[in-house]
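Undergrad: The structure is given below, and queries will be raised subsequently.
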Amino acid sequence: MVLDSTSALNNDTVEQQARWLETVLRDNPNRWTVVTYHHPMFSVSAGRDNPPLRDHWKPLFDRYGVDLVLQGHDHVYGRAGDNLPEGKTRFDDEIGTMYVVSVGGPKMYMVSDQARTNMTRVAEDTQLYQLVRVQHDRILFEARTPSGRLYDSFELVKAADGRNRLFEVLPSERRCTRPDIPGYRETRCWEGSDLIEPPAALRNAR
């Protein structure tokens with residue numbers, strides 16, 4: 001399912017979309033439900049927040065058991081499931097909706113302190129693409145750097161009663177190594193993506 005978070009936040013269509021969303025989820029015959037839209041339910045970047053989405057869309061995700069939500073906008077990476085900061089996120093006794101925020105372009109921001117505390121997995125200064133494999137009883141998710149290096153991975157395994165179990169693979173966390181160059185914004189990181197260390201021009205500018 002695809003929702004329009006830009007219209008929801010800028011043109012106040014969030015309630016209208018929620019009404020449509022409920023009609024689709026209520027009569028959803030599918031084993032797996034994946035939703036995608038642009039602005040995160042729970043922001044990962046510093047200084048960002050989208051409460052209308054939590055007020056109108058999240059209760060429906062919880063009620064009808066949405067499995068996976070794919071989002072962007074924040075120019076960082078973040079993933080969270082049952083440890084989100086606001087209210088219950090479980091729709092059963094195992095794992096609730098899995099929320100993922102990712103970035104593919106070169107413009108990078110910084111992860112907020114709240115996201116670093118409340119999310120299972122975050123990354124700064126890291127371009128990522130996702131591989132999502134859907135099978136009858138499981139979703140296999142991978143986030144990889146442009147060179148193919150695995151950064152995050154999990155499986156959602158659905159039991160016969162509809163409950164999900166979570167299995168995770170968590171390599172080392174990636175943080176921004178932005179040098180202190182005049183003109184850099186405090187909340188942004190511009191060094192690039194899949195680098196072991198900053199380019200020579202940036203190292204020499206320190």
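Identifiers in this document derive from the order of the structure tokens: chains are assigned A, B, ..., residues are numbered from 1 separately in each chain, and ligands are numbered from 1 in order of occurrence.
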Which residues of range 98-151 of chain A come within 12 Å of range 163-171 of chain A, and for each one, what is the closest pair of atoms and their distance in Å to one decimal, counting only C-alpha atoms, sorted by chain and residue number, as a Markdown table?
TA:
| residue | atom | partner | partner_atom | distance |
| --- | --- | --- | --- | --- |
| A:Met98 | CA | A:Leu166 | CA | 9.5 |
| A:Thr120 | CA | A:Leu170 | CA | 9.3 |
| A:Arg121 | CA | A:Leu170 | CA | 7.8 |
| A:Val122 | CA | A:Leu170 | CA | 10.5 |
| A:Ala123 | CA | A:Pro171 | CA | 11.3 |
| A:Asp137 | CA | A:Asn164 | CA | 9.4 |
| A:Arg138 | CA | A:Asn164 | CA | 8.7 |
| A:Ile139 | CA | A:Leu166 | CA | 9.9 |
| A:Leu140 | CA | A:Phe167 | CA | 9.5 |
| A:Phe141 | CA | A:Glu168 | CA | 9.5 |
| A:Glu142 | CA | A:Val169 | CA | 9.2 |
| A:Ala143 | CA | A:Leu170 | CA | 10.6 |
| A:Arg144 | CA | A:Pro171 | CA | 11.0 |
| A:Arg149 | CA | A:Pro171 | CA | 9.8 |
| A:Leu150 | CA | A:Pro171 | CA | 7.4 |
| A:Tyr151 | CA | A:Pro171 | CA | 5.9 |
Undergrad: Deliver the residues from the most recent selection as a file, using N, CA and C atoms, as a CSV table (one decimal), in the first residue's frame.
TA:
chain,number,residue,atom,x,y,z
A,98,MET,N,7.1,-3.1,12.0
A,98,MET,CA,8.5,-2.8,11.9
A,98,MET,C,8.5,-1.5,11.0
A,120,THR,N,16.1,0.6,17.3
A,120,THR,CA,17.0,-0.6,17.4
A,120,THR,C,18.3,-0.4,16.6
A,121,ARG,N,18.1,0.3,15.5
A,121,ARG,CA,19.3,0.4,14.5
A,121,ARG,C,19.2,1.8,13.9
A,122,VAL,N,20.4,2.5,13.9
A,122,VAL,CA,20.5,3.8,13.2
A,122,VAL,C,21.8,3.9,12.5
A,123,ALA,N,21.9,4.8,11.5
A,123,ALA,CA,23.1,5.1,10.8
A,123,ALA,C,23.2,6.5,10.3
A,137,ASP,N,5.8,-17.5,4.6
A,137,ASP,CA,5.8,-17.4,6.1
A,137,ASP,C,6.8,-16.5,6.6
A,138,ARG,N,7.5,-15.7,5.8
A,138,ARG,CA,8.6,-14.8,6.3
A,138,ARG,C,8.9,-13.7,5.3
A,139,ILE,N,9.3,-12.5,5.9
A,139,ILE,CA,9.9,-11.4,5.2
A,139,ILE,C,11.3,-11.3,5.6
A,140,LEU,N,12.2,-11.3,4.6
A,140,LEU,CA,13.6,-11.2,4.8
A,140,LEU,C,14.1,-9.8,4.3
A,141,PHE,N,14.6,-9.0,5.2
A,141,PHE,CA,15.0,-7.6,4.9
A,141,PHE,C,16.5,-7.4,5.1
A,142,GLU,N,17.1,-6.7,4.1
A,142,GLU,CA,18.5,-6.4,4.2
A,142,GLU,C,18.7,-4.9,3.8
A,143,ALA,N,19.5,-4.2,4.5
A,143,ALA,CA,19.9,-2.8,4.1
A,143,ALA,C,21.4,-2.9,3.9
A,144,ARG,N,21.9,-2.5,2.6
A,144,ARG,CA,23.2,-2.7,2.2
A,144,ARG,C,23.8,-1.3,1.7
A,149,ARG,N,28.0,-4.0,1.2
A,149,ARG,CA,28.2,-4.3,2.6
A,149,ARG,C,26.9,-4.4,3.4
A,150,LEU,N,26.7,-5.4,4.1
A,150,LEU,CA,25.5,-5.6,4.9
A,150,LEU,C,25.5,-4.6,6.1
A,151,TYR,N,24.5,-3.8,6.3
A,151,TYR,CA,24.4,-2.9,7.5
A,151,TYR,C,23.4,-3.3,8.5
Undergrad: Mind listing the strand (DSSP E or B) residues of chain A, per DSSP on the backbone, as number ranges by chain?
TA: A: 2, 34-36, 45, 68-71, 77-80, 98-101, 108-109, 111, 121-123, 129-134, 138-144, 150-158, 164-169, 174, 188-189
Undergrad: Residues of the last selection are to be written out with C-alpha atoms, as a compact mmCIF listing (two decimals), in the first residue's frame.
TA:
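Saved result, selection.txt, follows:
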# COMPACT_ATOMS: atom_id res chain seq x y z
CA VAL A 2 1.21 3.51 -0.83
CA VAL A 34 3.62 -3.52 3.68
CA VAL A 35 2.97 0.24 3.60
CA THR A 36 5.23 2.92 2.12
CA SER A 45 16.74 13.21 12.12
CA LEU A 68 6.40 -3.43 7.59
CA VAL A 69 6.47 0.33 6.90
CA LEU A 70 9.10 1.80 4.53
CA GLN A 71 9.83 5.56 4.73
CA TYR A 77 18.82 5.36 8.57
CA GLY A 78 16.62 4.16 11.40
CA ARG A 79 14.71 1.00 12.26
CA ALA A 80 12.42 0.29 15.17
CA MET A 98 8.47 -2.76 11.85
CA TYR A 99 9.30 0.82 10.79
CA VAL A 100 12.31 1.54 8.54
CA VAL A 101 13.64 4.94 7.39
CA MET A 108 23.14 13.37 4.94
CA TYR A 109 21.74 14.60 8.28
CA VAL A 111 20.50 11.11 14.02
CA ARG A 121 19.27 0.45 14.53
CA VAL A 122 20.47 3.82 13.21
CA ALA A 123 23.14 5.08 10.81
CA TYR A 129 19.58 0.23 -0.60
CA GLN A 130 17.15 -2.42 0.59
CA LEU A 131 16.50 -6.00 -0.44
CA VAL A 132 13.08 -7.24 0.68
CA ARG A 133 12.25 -10.86 -0.03
CA VAL A 134 8.70 -11.96 0.69
CA ARG A 138 8.56 -14.80 6.30
CA ILE A 139 9.86 -11.41 5.15
CA LEU A 140 13.64 -11.18 4.82
CA PHE A 141 14.97 -7.59 4.93
CA GLU A 142 18.51 -6.37 4.23
CA ALA A 143 19.95 -2.85 4.12
CA ARG A 144 23.25 -2.67 2.22
CA LEU A 150 25.48 -5.56 4.94
CA TYR A 151 24.44 -2.93 7.48
CA ASP A 152 21.14 -4.20 8.86
CA SER A 153 19.15 -7.39 8.47
CA PHE A 154 16.10 -8.99 10.00
CA GLU A 155 13.47 -11.63 9.38
CA LEU A 156 9.82 -11.46 10.32
CA VAL A 157 8.48 -14.99 10.61
CA LYS A 158 4.70 -15.38 10.71
CA ASN A 164 5.29 -12.42 13.96
CA ARG A 165 8.64 -13.40 15.45
CA LEU A 166 11.70 -11.21 14.87
CA PHE A 167 15.23 -12.45 14.10
CA GLU A 168 17.97 -9.81 13.69
CA VAL A 169 21.51 -9.43 12.37
CA ARG A 174 27.90 3.57 11.39
CA ARG A 188 23.95 17.51 8.89
CA CYS A 189 26.70 15.25 7.63
Undergrad: Rounded to one decimal place, report the CA of His39 in chain A-CA of Thr145 in chain A distance in Å.
TA: 21.7 Å
Undergrad: Using only C-alpha atoms, determine which residues lie at most 9 Å from His73 in chain A, disregarding the query and same-chain residues fewer than 5 positions distant; provide the list as a ChimeraX atom specification.
TA: /A:38-40,43,101-103
Undergrad: Excluding range 11-20 of chain A and its own-chain neighbours fewer than 6 positions away, which residues fall within 8 Å of it when counting only C-alpha atoms? Please give them as a list in words.
TA: Leu3, Ser5, Pro52, Leu53, His56, Trp57 and Leu60 of chain A
Undergrad: Taking only C-alpha atoms into account, produce a table as JSON lines in which each residue of range 39-114 of chain A with an atom at most 9 Å from an atom of range 25-29 of chain A appears once, together with its shortest atom pair and the distance in Å to one decimal, ordered by chain and rising number.
TA:
{"residue": "A:Leu60", "atom": "CA", "partner": "A:Leu25", "partner_atom": "CA", "distance": 8.0}
{"residue": "A:Phe61", "atom": "CA", "partner": "A:Leu25", "partner_atom": "CA", "distance": 8.5}
{"residue": "A:Tyr64", "atom": "CA", "partner": "A:Leu25", "partner_atom": "CA", "distance": 6.3}
{"residue": "A:Gly65", "atom": "CA", "partner": "A:Leu25", "partner_atom": "CA", "distance": 8.8}
{"residue": "A:Val66", "atom": "CA", "partner": "A:Leu25", "partner_atom": "CA", "distance": 8.5}
Undergrad: Let's have the selection written as a tab-separated table (two decimals), in the first residue's frame, with C-alpha atoms.
TA:
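part.tsv, freshly written:
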chain	number	residue	atom	x	y	z
A	60	LEU	CA	-4.79	1.64	12.11
A	61	PHE	CA	-1.39	0.00	11.59
A	64	TYR	CA	-4.95	-4.30	11.61
A	65	GLY	CA	-1.45	-5.72	12.03
A	66	VAL	CA	0.63	-3.93	9.37
Undergrad: Go ahead and compute the interatomic distance for CA of Arg31 in chain A and CA of Gly81 in chain A, in Å to one decimal.
TA: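 CA of Arg31 in chain A sits 18.8 Å away from CA of Gly81 in chain A.
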Undergrad: Taking the DSSP secondary structure from the backbone, can you list the residues of chain A that are alpha helix (DSSP H), as a ChimeraX atom specification?
TA: /A:5-10,14-26,51-56,58-64,113-118,200-204
Undergrad: Calculate how many Å separate CA of Trp32 in chain A from CA of Thr126 in chain A, rounding to one decimal.
TA: 28.7 Å
Undergrad: Give the answer as one residue: which of A:Lys107, A:Arg63, A:Arg48, A:Lys58 has the shortest atom-to-atom distance to His75 in chain A, using only C-alpha atoms?
TA: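 Checking each candidate against His75 in chain A, we get A:Lys107 as the closest.
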